[in-house]
file work.json (JSON, C-alpha atoms)
[["chain", "number", "residue", "atom", "x", "y", "z"],
["O", 68, "MET", "CA", -99.08, -38.75, -20.45],
["O", 69, "THR", "CA", -96.61, -36.74, -18.40],
["O", 70, "ILE", "CA", -94.83, -33.72, -19.83],
["O", 71, "ASP", "CA", -91.73, -31.98, -18.44],
["O", 72, "VAL", "CA", -91.93, -28.20, -18.57],
["O", 73, "GLN", "CA", -88.94, -25.95, -18.02],
["O", 74, "ILE", "CA", -89.83, -22.62, -16.41],
["O", 75, "VAL", "CA", -87.43, -20.02, -17.82],
["O", 76, "ASN", "CA", -87.36, -16.40, -16.67],
["O", 77, "ALA", "CA", -86.67, -14.20, -19.70],
["O", 78, "PHE", "CA", -85.23, -10.69, -19.74],
["O", 79, "THR", "CA", -83.52, -11.11, -16.38],
["O", 80, "GLU", "CA", -81.33, -8.31, -15.12],
["O", 81, "ALA", "CA", -78.25, -9.32, -13.08],
["O", 82, "GLU", "CA", -79.72, -12.86, -12.83],
["O", 83, "ALA", "CA", -82.88, -11.54, -11.13],
["O", 84, "GLY", "CA", -86.44, -10.61, -12.07],
["O", 85, "GLY", "CA", -87.65, -11.43, -15.54],
["O", 86, "ASN", "CA", -90.84, -12.87, -16.98],
["O", 87, "PRO", "CA", -91.39, -16.63, -16.59],
["O", 88, "ALA", "CA", -92.41, -18.76, -19.57],
["O", 89, "GLY", "CA", -92.98, -22.47, -19.89],
["O", 90, "VAL", "CA", -90.83, -24.34, -22.41],
["O", 91, "VAL", "CA", -91.65, -27.87, -23.62],
["O", 92, "PHE", "CA", -89.10, -29.66, -25.79],
["O", 93, "ASN", "CA", -89.70, -32.54, -28.23],
["O", 94, "ALA", "CA", -93.30, -31.45, -28.72],
["O", 95, "ASP", "CA", -93.67, -32.93, -32.23],
["O", 96, "GLN", "CA", -96.36, -35.46, -31.28],
["O", 97, "LEU", "CA", -98.51, -33.11, -29.22],
["O", 98, "THR", "CA", -101.78, -31.90, -30.70],
["O", 99, "SER", "CA", -102.92, -28.29, -30.44],
["O", 100, "ALA", "CA", -105.54, -29.34, -27.89],
["O", 101, "GLN", "CA", -102.89, -31.03, -25.76],
["O", 102, "LYS", "CA", -100.63, -27.98, -25.98],
["O", 103, "LEU", "CA", -103.48, -25.74, -24.86],
["O", 104, "ALA", "CA", -104.25, -28.08, -21.94],
["O", 105, "ILE", "CA", -100.59, -28.03, -20.88],
["O", 106, "ALA", "CA", -100.38, -24.23, -21.13],
["O", 107, "ALA", "CA", -103.54, -23.93, -19.03],
["O", 108, "GLN", "CA", -102.04, -26.14, -16.32],
["O", 109, "VAL", "CA", -98.71, -24.29, -16.37],
["O", 110, "GLY", "CA", -100.73, -21.11, -15.85],
["O", 111, "LEU", "CA", -98.13, -18.64, -17.11],
["O", 112, "SER", "CA", -98.81, -15.99, -19.73],
["O", 113, "GLU", "CA", -97.22, -18.14, -22.44],
["O", 114, "THR", "CA", -95.73, -21.60, -22.92],
["O", 115, "ALA", "CA", -93.51, -22.43, -25.92],
["O", 116, "PHE", "CA", -93.58, -25.87, -27.55],
["O", 117, "VAL", "CA", -90.41, -26.76, -29.45],
["O", 118, "SER", "CA", -90.40, -29.26, -32.30],
["O", 119, "ALA", "CA", -88.57, -30.02, -35.54],
["O", 120, "SER", "CA", -88.81, -27.67, -38.51],
["O", 121, "GLU", "CA", -88.15, -28.07, -42.22],
["O", 122, "ILE", "CA", -87.57, -24.34, -42.80],
["O", 123, "ALA", "CA", -85.78, -23.23, -39.60],
["O", 124, "ASP", "CA", -83.62, -24.65, -36.83],
["O", 125, "PHE", "CA", -86.63, -25.10, -34.53],
["O", 126, "LYS", "CA", -90.41, -24.81, -34.73],
["O", 127, "LEU", "CA", -92.02, -22.91, -31.84],
["O", 128, "ASP", "CA", -95.74, -22.89, -31.07],
["O", 129, "PHE", "CA", -96.91, -20.46, -28.39],
["O", 130, "PHE", "CA", -99.99, -20.93, -26.23],
["O", 131, "THR", "CA", -101.49, -18.72, -23.56],
["O", 132, "PRO", "CA", -103.83, -20.42, -21.05],
["O", 133, "ASN", "CA", -106.76, -19.90, -23.43],
["O", 134, "ARG", "CA", -105.50, -19.74, -27.04],
["O", 135, "GLN", "CA", -102.61, -19.99, -29.48],
["O", 136, "ILE", "CA", -100.63, -16.84, -30.26],
["O", 137, "ALA", "CA", -98.44, -16.17, -33.32],
["O", 138, "HIS", "CA", -95.38, -14.80, -31.52],
["O", 139, "CYS", "CA", -94.16, -14.48, -27.97],
["O", 140, "GLY", "CA", -91.05, -12.49, -27.16],
["O", 141, "HIS", "CA", -90.18, -13.66, -23.67],
["O", 142, "ALA", "CA", -90.89, -17.32, -24.45],
["O", 143, "THR", "CA", -88.68, -17.07, -27.56],
["O", 144, "VAL", "CA", -85.85, -15.43, -25.62],
["O", 145, "GLY", "CA", -86.20, -17.93, -22.79],
["O", 146, "THR", "CA", -86.18, -20.90, -25.18],
["O", 147, "PHE", "CA", -83.15, -19.88, -27.22],
["O", 148, "SER", "CA", -81.19, -18.67, -24.21],
["O", 149, "TYR", "CA", -81.81, -22.07, -22.60],
["O", 150, "LEU", "CA", -80.82, -23.91, -25.82],
["O", 151, "ARG", "CA", -77.57, -21.95, -25.85],
["O", 152, "GLN", "CA", -76.84, -22.69, -22.19],
["O", 153, "ALA", "CA", -77.59, -26.38, -22.79],
["O", 154, "GLY", "CA", -75.06, -26.47, -25.65],
["O", 155, "LEU", "CA", -77.71, -27.18, -28.30],
["O", 156, "ILE", "CA", -76.84, -24.03, -30.27],
["O", 157, "GLN", "CA", -73.19, -23.29, -30.99],
["O", 158, "GLY", "CA", -73.11, -20.38, -33.41],
["O", 159, "ALA", "CA", -74.22, -16.78, -33.26],
["O", 160, "ASN", "CA", -77.27, -17.30, -35.48],
["O", 161, "SER", "CA", -80.33, -19.52, -35.35],
["O", 162, "SER", "CA", -83.94, -19.37, -36.51],
["O", 163, "LYS", "CA", -87.49, -20.25, -35.53],
["O", 164, "GLU", "CA", -90.57, -21.25, -37.48],
["O", 165, "THR", "CA", -93.93, -20.06, -36.16],
["O", 166, "ILE", "CA", -97.48, -20.10, -37.51],
["O", 167, "ASP", "CA", -96.60, -16.69, -38.99],
["O", 168, "GLY", "CA", -93.47, -17.79, -40.84],
["O", 169, "ARG", "CA", -89.71, -17.88, -40.19],
["O", 170, "ARG", "CA", -87.83, -15.43, -37.98],
["O", 171, "GLU", "CA", -84.10, -15.06, -37.41],
["O", 172, "ILE", "CA", -82.58, -15.41, -33.94],
["O", 173, "HIS", "CA", -79.23, -13.93, -32.97],
["O", 174, "LEU", "CA", -77.22, -14.98, -29.94],
["O", 175, "LYS", "CA", -74.55, -13.17, -27.99],
["O", 176, "GLY", "CA", -73.22, -15.23, -25.14],
["O", 177, "ASP", "CA", -76.26, -16.55, -23.26],
["O", 178, "GLN", "CA", -78.48, -13.75, -24.57],
["O", 179, "ALA", "CA", -80.95, -14.30, -27.39],
["O", 180, "TYR", "CA", -82.44, -11.70, -29.73],
["O", 181, "MET", "CA", -85.41, -12.26, -32.02],
["O", 182, "GLU", "CA", -86.13, -10.59, -35.31],
["O", 183, "GLN", "CA", -89.26, -8.46, -35.71],
["O", 184, "LEU", "CA", -90.67, -6.81, -38.79],
["O", 185, "ALA", "CA", -90.81, -3.15, -39.80],
["O", 186, "PRO", "CA", -93.55, -1.34, -37.87],
["O", 187, "VAL", "CA", -97.08, -0.74, -39.11],
["O", 188, "TYR", "CA", -99.01, 2.06, -37.35],
["O", 189, "ARG", "CA", -102.73, 2.61, -36.82],
["O", 190, "PRO", "CA", -104.04, 5.67, -34.95],
["O", 191, "ALA", "CA", -106.21, 5.09, -31.87],
["O", 192, "ASP", "CA", -106.94, 8.65, -30.76],
["O", 193, "HIS", "CA", -110.57, 8.31, -31.87],
["O", 194, "CYS", "CA", -111.04, 5.93, -28.90],
["O", 195, "GLU", "CA", -109.04, 8.04, -26.45],
["O", 196, "ASN", "CA", -111.83, 8.42, -23.88],
["O", 197, "GLU", "CA", -112.57, 4.70, -23.79],
["O", 198, "ILE", "CA", -108.87, 3.85, -23.52],
["O", 199, "LEU", "CA", -108.35, 6.28, -20.66],
["O", 200, "GLN", "CA", -111.42, 4.93, -18.84],
["O", 201, "ALA", "CA", -110.04, 1.40, -19.20],
["O", 202, "LEU", "CA", -106.94, 2.47, -17.26],
["O", 203, "GLY", "CA", -108.58, 4.82, -14.78],
["O", 204, "LEU", "CA", -106.76, 7.82, -16.30],
["O", 205, "ARG", "CA", -107.49, 11.35, -17.53],
["O", 206, "LYS", "CA", -106.22, 13.09, -20.64],
["O", 207, "SER", "CA", -103.90, 15.18, -18.44],
["O", 208, "ASP", "CA", -102.13, 11.93, -17.48],
["O", 209, "LEU", "CA", -100.80, 11.52, -21.03],
["O", 210, "ILE", "CA", -97.63, 13.01, -22.52],
["O", 211, "PRO", "CA", -98.83, 16.23, -24.21],
["O", 212, "GLY", "CA", -98.97, 15.92, -27.99],
["O", 213, "ALA", "CA", -98.04, 12.22, -28.04],
["O", 214, "PRO", "CA", -100.67, 10.15, -29.89],
["O", 215, "LEU", "CA", -102.19, 6.80, -29.01],
["O", 216, "GLU", "CA", -101.05, 4.29, -31.64],
["O", 217, "VAL", "CA", -101.54, 0.60, -32.40],
["O", 218, "VAL", "CA", -98.12, -0.61, -33.52],
["O", 219, "ASN", "CA", -97.44, -4.00, -35.12],
["O", 220, "THR", "CA", -94.01, -5.59, -35.66],
["O", 221, "GLY", "CA", -95.57, -9.07, -35.61],
["O", 222, "ASN", "CA", -98.38, -8.57, -33.07],
["O", 223, "ASN", "CA", -100.66, -5.60, -32.35],
["O", 224, "PHE", "CA", -100.04, -3.57, -29.18],
["O", 225, "LEU", "CA", -101.64, -0.29, -28.14],
["O", 226, "ILE", "CA", -98.88, 2.16, -27.17],
["O", 227, "ILE", "CA", -100.06, 4.63, -24.50],
["O", 228, "PRO", "CA", -97.73, 7.54, -23.53],
["O", 229, "ILE", "CA", -97.95, 8.28, -19.76],
["O", 230, "LYS", "CA", -96.49, 11.51, -18.36],
["O", 231, "ASP", "CA", -94.66, 10.19, -15.26],
["O", 232, "ALA", "CA", -93.86, 7.21, -13.04],
["O", 233, "LYS", "CA", -96.37, 8.22, -10.37],
["O", 234, "THR", "CA", -99.19, 7.99, -12.89],
["O", 235, "MET", "CA", -97.91, 4.64, -14.19],
["O", 236, "ALA", "CA", -97.97, 3.22, -10.67],
["O", 237, "ALA", "CA", -101.52, 4.53, -10.12],
["O", 238, "ILE", "CA", -103.05, 2.80, -13.18],
["O", 239, "VAL", "CA", -106.09, 0.72, -12.22],
["O", 240, "PRO", "CA", -106.86, -1.51, -15.21],
["O", 241, "ASN", "CA", -110.47, -2.39, -15.99],
["O", 242, "MET", "CA", -109.89, -5.83, -17.50],
["O", 243, "ALA", "CA", -113.36, -6.06, -19.04],
["O", 244, "LYS", "CA", -112.96, -2.75, -20.88],
["O", 245, "ILE", "CA", -109.39, -3.60, -21.94],
["O", 246, "THR", "CA", -110.65, -6.92, -23.32],
["O", 247, "GLU", "CA", -113.45, -5.17, -25.23],
["O", 248, "LEU", "CA", -111.05, -2.66, -26.78],
["O", 249, "SER", "CA", -108.47, -5.38, -27.47],
["O", 250, "GLU", "CA", -111.11, -7.28, -29.44],
["O", 251, "ALA", "CA", -112.02, -4.14, -31.37],
["O", 252, "PHE", "CA", -108.39, -3.37, -32.30],
["O", 253, "ASP", "CA", -107.29, -7.06, -32.48],
["O", 254, "LEU", "CA", -104.66, -6.43, -29.79],
["O", 255, "ILE", "CA", -102.49, -8.66, -27.70],
["O", 256, "GLY", "CA", -102.76, -5.92, -25.10],
["O", 257, "PHE", "CA", -102.29, -2.38, -23.81],
["O", 258, "TYR", "CA", -98.69, -1.18, -23.42],
["O", 259, "PRO", "CA", -98.52, 2.08, -21.42],
["O", 260, "PHE", "CA", -95.07, 3.58, -21.01],
["O", 261, "THR", "CA", -93.34, 6.51, -19.36],
["O", 262, "LEU", "CA", -90.01, 8.16, -20.07],
["O", 263, "ASP", "CA", -89.77, 9.04, -16.36],
["O", 264, "THR", "CA", -87.45, 6.16, -15.39],
["O", 265, "GLY", "CA", -85.13, 7.85, -12.92],
["O", 266, "THR", "CA", -82.13, 6.60, -14.90],
["O", 267, "GLU", "CA", -80.40, 7.71, -18.08],
["O", 268, "GLU", "CA", -79.78, 4.13, -19.25],
["O", 269, "ARG", "CA", -83.40, 2.91, -19.28],
["O", 270, "ILE", "CA", -85.34, 4.89, -21.87],
["O", 271, "ALA", "CA", -88.79, 3.77, -20.68],
["O", 272, "ASP", "CA", -90.70, 1.93, -17.98],
["O", 273, "THR", "CA", -93.70, -0.06, -19.19],
["O", 274, "ARG", "CA", -96.65, -2.21, -18.19],
["O", 275, "MET", "CA", -98.56, -4.76, -20.28],
["O", 276, "PHE", "CA", -102.21, -5.73, -19.81],
["O", 277, "GLY", "CA", -103.48, -8.53, -22.08],
["O", 278, "PRO", "CA", -106.67, -9.95, -20.52],
["O", 279, "ARG", "CA", -107.98, -11.01, -23.94],
["O", 280, "TYR", "CA", -105.33, -13.74, -23.72],
["O", 281, "GLN", "CA", -105.70, -14.20, -19.94],
["O", 282, "ILE", "CA", -102.49, -12.18, -19.46],
["O", 283, "TYR", "CA", -103.61, -9.78, -16.74],
["O", 284, "GLU", "CA", -100.17, -8.19, -16.29],
["O", 285, "GLU", "CA", -96.77, -9.59, -17.14],
["O", 286, "ALA", "CA", -93.21, -8.65, -16.34],
["O", 287, "GLY", "CA", -91.59, -8.61, -19.78],
["O", 288, "THR", "CA", -93.06, -8.49, -23.30],
["O", 289, "GLY", "CA", -90.49, -8.52, -26.08],
["O", 290, "MET", "CA", -93.12, -8.35, -28.83],
["O", 291, "ALA", "CA", -94.39, -5.11, -27.24],
["O", 292, "ALA", "CA", -90.99, -3.56, -26.50],
["O", 293, "GLY", "CA", -90.17, -3.74, -30.22],
["O", 294, "PRO", "CA", -93.23, -1.68, -31.22],
["O", 295, "LEU", "CA", -92.50, 0.79, -28.41],
["O", 296, "ALA", "CA", -88.93, 1.33, -29.64],
["O", 297, "CYS", "CA", -90.34, 2.00, -33.12],
["O", 298, "TYR", "CA", -92.84, 4.48, -31.66],
["O", 299, "LEU", "CA", -90.06, 6.27, -29.78],
["O", 300, "TYR", "CA", -88.01, 6.53, -32.98],
["O", 301, "ASP", "CA", -90.73, 7.40, -35.49],
["O", 302, "VAL", "CA", -93.37, 9.22, -33.45],
["O", 303, "LEU", "CA", -91.45, 10.87, -30.60],
["O", 304, "GLU", "CA", -88.40, 11.26, -32.86],
["O", 305, "ILE", "CA", -85.89, 9.85, -30.37],
["O", 306, "LYS", "CA", -83.37, 9.10, -33.09],
["O", 307, "GLN", "CA", -81.24, 6.33, -31.66],
["O", 308, "GLU", "CA", -80.86, 2.71, -32.70],
["O", 309, "ASP", "CA", -80.53, 1.01, -29.29],
["O", 310, "PHE", "CA", -83.09, 1.13, -26.48],
["O", 311, "LEU", "CA", -83.19, -0.41, -23.00],
["O", 312, "ILE", "CA", -86.81, -0.88, -21.92],
["O", 313, "ARG", "CA", -87.78, -1.92, -18.40],
["O", 314, "GLN", "CA", -91.01, -3.69, -17.51],
["O", 315, "GLY", "CA", -92.46, -5.28, -14.37],
["O", 316, "ARG", "CA", -91.44, -2.54, -11.96],
["O", 317, "PHE", "CA", -95.02, -1.47, -11.19],
["O", 318, "MET", "CA", -96.57, -4.93, -10.78],
["O", 319, "ALA", "CA", -98.21, -5.90, -7.48],
["O", 320, "SER", "CA", -95.27, -8.28, -7.02],
["O", 321, "PRO", "CA", -92.48, -6.40, -8.85],
["O", 322, "SER", "CA", -90.27, -8.43, -11.17],
["O", 323, "PRO", "CA", -88.24, -5.90, -13.16],
["O", 324, "SER", "CA", -87.27, -7.13, -16.63],
["O", 325, "LEU", "CA", -84.79, -5.55, -19.01],
["O", 326, "ILE", "CA", -85.51, -5.78, -22.74],
["O", 327, "GLU", "CA", -82.89, -4.69, -25.27],
["O", 328, "VAL", "CA", -84.08, -3.46, -28.67],
["O", 329, "HIS", "CA", -81.86, -2.71, -31.66],
["O", 330, "LEU", "CA", -83.43, -1.00, -34.67],
["O", 331, "ASN", "CA", -82.17, -1.75, -38.17],
["O", 332, "ILE", "CA", -82.32, 1.65, -39.88],
["O", 333, "GLN", "CA", -82.06, 1.78, -43.66],
["O", 334, "ASN", "CA", -82.38, 5.06, -45.56],
["O", 335, "GLY", "CA", -83.76, 6.72, -42.44],
["O", 336, "ALA", "CA", -86.55, 4.16, -41.92],
["O", 337, "ILE", "CA", -86.91, 1.13, -39.65],
["O", 338, "ALA", "CA", -86.44, -1.96, -41.82],
["O", 339, "SER", "CA", -86.54, -4.52, -38.99],
["O", 340, "LEU", "CA", -85.45, -4.87, -35.38],
["O", 341, "LEU", "CA", -84.02, -7.25, -32.81],
["O", 342, "ALA", "CA", -85.42, -7.54, -29.28],
["O", 343, "GLY", "CA", -84.00, -9.76, -26.61],
["O", 344, "GLY", "CA", -82.17, -10.43, -23.38],
["O", 345, "LYS", "CA", -81.18, -13.31, -21.13],
["O", 346, "GLY", "CA", -83.11, -16.31, -19.86],
["O", 347, "LYS", "CA", -82.56, -18.28, -16.67],
["O", 348, "VAL", "CA", -84.16, -21.61, -15.72],
["O", 349, "SER", "CA", -85.98, -21.19, -12.43],
["O", 350, "GLN", "CA", -87.68, -24.58, -12.01],
["O", 351, "GLN", "CA", -89.07, -27.68, -13.75],
["O", 352, "LEU", "CA", -92.66, -28.86, -13.63],
["O", 353, "THR", "CA", -94.18, -32.23, -14.57],
["O", 354, "ILE", "CA", -97.66, -31.92, -16.08],
["O", 355, "GLU", "CA", -100.15, -34.76, -16.57],
["O", 356, "ILE", "CA", -102.70, -34.63, -19.38]]

call {"tool": "encode", "arguments": {"input": "work.json", "output": "structure tokens"}}
result
Amino acid sequence: MTIDVQIVNAFTEAEAGGNPAGVVFNADQLTSAQKLAIAAQVGLSETAFVSASEIADFKLDFFTPNRQIAHCGHATVGTFSYLRQAGLIQGANSSKETIDGRREIHLKGDQAYMEQLAPVYRPADHCENEILQALGLRKSDLIPGAPLEVVNTGNNFLIIPIKDAKTMAAIVPNMAKITELSEAFDLIGFYPFTLDTGTEERIADTRMFGPRYQIYEEAGTGMAAGPLACYLYDVLEIKQEDFLIRQGRFMASPSPSLIEVHLNIQNGAIASLLAGGKGKVSQQLTIEI
């Protein structure tokens, strides 16, 4: 059979950059094996498959080139931004069903924002040497006093505080070691960040390495930006509710993405959050399986 795949760049800034995701509509009859085969042919970090849902407006299944994943931020944002632009969503609220339950989606113009859960933290300092070796770094390259933490708002990401932009650019990831540690911590990937952005508006610049899922580096990761915003609020005590997080700037082929995160603070604690941005269709592919 032939399958049409929309390639949507999520988290674009001024209509440029962003992280591409595949989006397949009317995927109700596709098996998991077929979805995996399509995602492998598309070759992007994630492809979203959209079908009917009994508990939400749409059901989304996410596949990397080698396995299914519970949530994907940029594919969610790309899908719902495209649905809005195509006139298939009219109101300000929608929802998605995933293998991990229902999540709310909020829309503002062509921008889509996905709900994430309250953060759960696990310390990772006991593996500091191995983590630093996996990135070609030294302890002096970290922000003094800032801990290494695994943070989960739906998926596990390892948050790594880097002292400056020069060090971020110099990271040399050892994909085999990152994969080994990602298996040990059950991670989607490593998410190093720096507060040295050169701008007051962008709170952090980030990178994301997820070789366990054949994501070697990607330009925008909404499910990682949410945990980072929580880390900034709870751990570094940057007490604000809205964060602009940039990713993709330090890639070999830069594709800067802008991810907006809004924290829902109740009684001084993070109860949930929204992470999102804008999607733009860049091309259409036809896949044969």

call {"tool": "closest_atom_pairs", "arguments": {"input": "work.json", "of": "segment 78-155 of chain O", "to": "segment 334-356 of chain O", "cutoff": "7 Å", "atoms": "only C-alpha atoms", "output": "Markdown table"}}
result
| residue | atom | partner | partner_atom | distance |
| --- | --- | --- | --- | --- |
| O:Phe78 | CA | O:Gly344 | CA | 4.8 |
| O:Thr79 | CA | O:Lys345 | CA | 5.7 |
| O:Ile105 | CA | O:Ile354 | CA | 6.8 |
| O:Val144 | CA | O:Gly343 | CA | 6.0 |
| O:Gly145 | CA | O:Gly346 | CA | 4.6 |
| O:Ser148 | CA | O:Gly346 | CA | 5.3 |
| O:Tyr149 | CA | O:Gly346 | CA | 6.5 |

call {"tool": "write_last_selection", "arguments": {"input": "work.json", "atoms": "C-alpha atoms", "output": "mmCIF file, in the frame of the given file"}}
result
data_model
loop_
_atom_site.group_PDB
_atom_site.id
_atom_site.type_symbol
_atom_site.label_atom_id
_atom_site.label_comp_id
_atom_site.auth_asym_id
_atom_site.auth_seq_id
_atom_site.Cartn_x
_atom_site.Cartn_y
_atom_site.Cartn_z
ATOM 1 C CA PHE O 78 -85.230 -10.690 -19.740
ATOM 2 C CA THR O 79 -83.520 -11.110 -16.380
ATOM 3 C CA ILE O 105 -100.590 -28.030 -20.880
ATOM 4 C CA VAL O 144 -85.850 -15.430 -25.620
ATOM 5 C CA GLY O 145 -86.200 -17.930 -22.790
ATOM 6 C CA SER O 148 -81.190 -18.670 -24.210
ATOM 7 C CA TYR O 149 -81.810 -22.070 -22.600
#

call {"tool": "closest_residue", "arguments": {"input": "work.json", "among": "O:Ala291, O:Ile282, O:Ile245, O:Ile172", "to": "Asn223 of chain O", "atoms": "all atoms listed in the file"}}
result
O:Ala291

call {"tool": "axis_aligned_box", "arguments": {"input": "work.json", "around": "segment 98-104 of chain O", "padding_each_side": "8 Å", "output": "lines of an AutoDock Vina configuration file"}}
result
center_x = -103.1
center_y = -28.8
center_z = -26.3
size_x = 20.9
size_y = 22.2
size_z = 24.8

call {"tool": "residues_around", "arguments": {"input": "work.json", "residues": "Phe310 of chain O", "least_positions_apart": "2", "cutoff": "8 Å", "atoms": "all atoms listed in the file", "output": "ChimeraX atom specification"}}
result
/O:269-270,296,307-308,312,327-329

call {"tool": "closest_residue", "arguments": {"input": "work.json", "among": "O:Gln178, O:Gln281, O:Thr69, O:Thr220", "to": "Ala107 of chain O", "atoms": "all atoms listed in the file"}}
result
O:Gln281

call {"tool": "closest_residue", "arguments": {"input": "work.json", "among": "O:Phe125, O:Tyr180, O:Phe92, O:Phe276", "to": "Gly315 of chain O", "atoms": "only C-alpha atoms"}}
result
O:Phe276

call {"tool": "residues_around", "arguments": {"input": "work.json", "residues": "Ala286 of chain O", "least_positions_apart": "5", "cutoff": "6 Å", "atoms": "all atoms listed in the file", "output": "list in words"}}
result
Asn86, Gln314, Gly315 and Ser322 of chain O

call {"tool": "write_last_selection", "arguments": {"input": "work.json", "atoms": "C-alpha atoms", "output": "PDB file, in the coordinates of the input"}}
result
ATOM      1  CA  ASN O  86     -90.840 -12.870 -16.980  1.00  0.00           C
ATOM      2  CA  GLN O 314     -91.010  -3.690 -17.510  1.00  0.00           C
ATOM      3  CA  GLY O 315     -92.460  -5.280 -14.370  1.00  0.00           C
ATOM      4  CA  SER O 322     -90.270  -8.430 -11.170  1.00  0.00           C
TER       5      SER O 322
END

call {"tool": "atom_distance", "arguments": {"input": "work.json", "atom1": "atom CA of Lys244 of chain O", "atom2": "atom CA of Lys206 of chain O"}}
result
17.2 Å

call {"tool": "atom_distance", "arguments": {"input": "work.json", "atom1": "atom CA of Ala94 of chain O", "atom2": "atom CA of Phe116 of chain O"}}
result
5.7 Å

call {"tool": "residues_around", "arguments": {"input": "work.json", "residues": "Ile229 of chain O", "least_positions_apart": "5", "cutoff": "9 Å", "atoms": "only C-alpha atoms", "output": "VMD selection string"}}
result
chain O and resid 208 to 210 234 to 235 259 to 263

call {"tool": "residues_around", "arguments": {"input": "work.json", "residues": "Thr288 of chain O", "least_positions_apart": "2", "cutoff": "6 Å", "atoms": "all atoms listed in the file", "output": "ChimeraX atom specification"}}
result
/O:140-141,290-291

call {"tool": "closest_residue", "arguments": {"input": "work.json", "among": "O:Pro323, O:Pro278, O:Pro214, O:Pro132", "to": "Glu195 of chain O", "atoms": "all atoms listed in the file"}}
result
O:Pro214

call {"tool": "closest_residue", "arguments": {"input": "work.json", "among": "O:Tyr188, O:Phe147, O:Tyr300, O:Phe317", "to": "Val239 of chain O", "atoms": "all atoms listed in the file"}}
result
O:Phe317

call {"tool": "residues_around", "arguments": {"input": "work.json", "residues": "Tyr258 of chain O", "least_positions_apart": "5", "cutoff": "6 Å", "atoms": "only C-alpha atoms", "output": "PDB file with C-alpha atoms, in the coordinates of the input"}}
result
ATOM      1  CA  LEU O 225    -101.640  -0.290 -28.140  1.00  0.00           C
ATOM      2  CA  ILE O 226     -98.880   2.160 -27.170  1.00  0.00           C
ATOM      3  CA  ARG O 274     -96.650  -2.210 -18.190  1.00  0.00           C
ATOM      4  CA  MET O 275     -98.560  -4.760 -20.280  1.00  0.00           C
TER       5      MET O 275
END

call {"tool": "closest_residue", "arguments": {"input": "work.json", "among": "O:Gln200, O:Thr165, O:Gln108, O:Asn219", "to": "Ile70 of chain O", "atoms": "all atoms listed in the file"}}
result
O:Gln108

call {"tool": "residues_near_point", "arguments": {"input": "work.json", "point": "(-83.6, -18.5, -38.6)", "cutoff": "10 Å", "atoms": "only C-alpha atoms", "output": "PDB file with C-alpha atoms, keeping the file's coordinate frame"}}
result
ATOM      1  CA  ILE O 122     -87.570 -24.340 -42.800  1.00  0.00           C
ATOM      2  CA  ALA O 123     -85.780 -23.230 -39.600  1.00  0.00           C
ATOM      3  CA  ASP O 124     -83.620 -24.650 -36.830  1.00  0.00           C
ATOM      4  CA  PHE O 125     -86.630 -25.100 -34.530  1.00  0.00           C
ATOM      5  CA  ASN O 160     -77.270 -17.300 -35.480  1.00  0.00           C
ATOM      6  CA  SER O 161     -80.330 -19.520 -35.350  1.00  0.00           C
ATOM      7  CA  SER O 162     -83.940 -19.370 -36.510  1.00  0.00           C
ATOM      8  CA  LYS O 163     -87.490 -20.250 -35.530  1.00  0.00           C
ATOM      9  CA  GLU O 164     -90.570 -21.250 -37.480  1.00  0.00           C
ATOM     10  CA  ARG O 169     -89.710 -17.880 -40.190  1.00  0.00           C
ATOM     11  CA  ARG O 170     -87.830 -15.430 -37.980  1.00  0.00           C
ATOM     12  CA  GLU O 171     -84.100 -15.060 -37.410  1.00  0.00           C
ATOM     13  CA  ILE O 172     -82.580 -15.410 -33.940  1.00  0.00           C
ATOM     14  CA  HIS O 173     -79.230 -13.930 -32.970  1.00  0.00           C
ATOM     15  CA  MET O 181     -85.410 -12.260 -32.020  1.00  0.00           C
ATOM     16  CA  GLU O 182     -86.130 -10.590 -35.310  1.00  0.00           C
TER      17      GLU O 182
END

call {"tool": "atom_distance", "arguments": {"input": "work.json", "atom1": "atom CA of Ala232 of chain O", "atom2": "atom CA of Tyr298 of chain O"}}
result
18.8 Å

call {"tool": "residues_near_point", "arguments": {"input": "work.json", "point": "(-97.4, -8.6, -34.8)", "cutoff": "9 Å", "atoms": "all atoms listed in the file", "output": "list of chain:residue names"}}
result
O:Ala137, O:His138, O:Gln183, O:Leu184, O:Pro186, O:Val187, O:Val218, O:Asn219, O:Thr220, O:Gly221, O:Asn222, O:Asn223, O:Phe224, O:Ile255, O:Met290, O:Ala291, O:Pro294
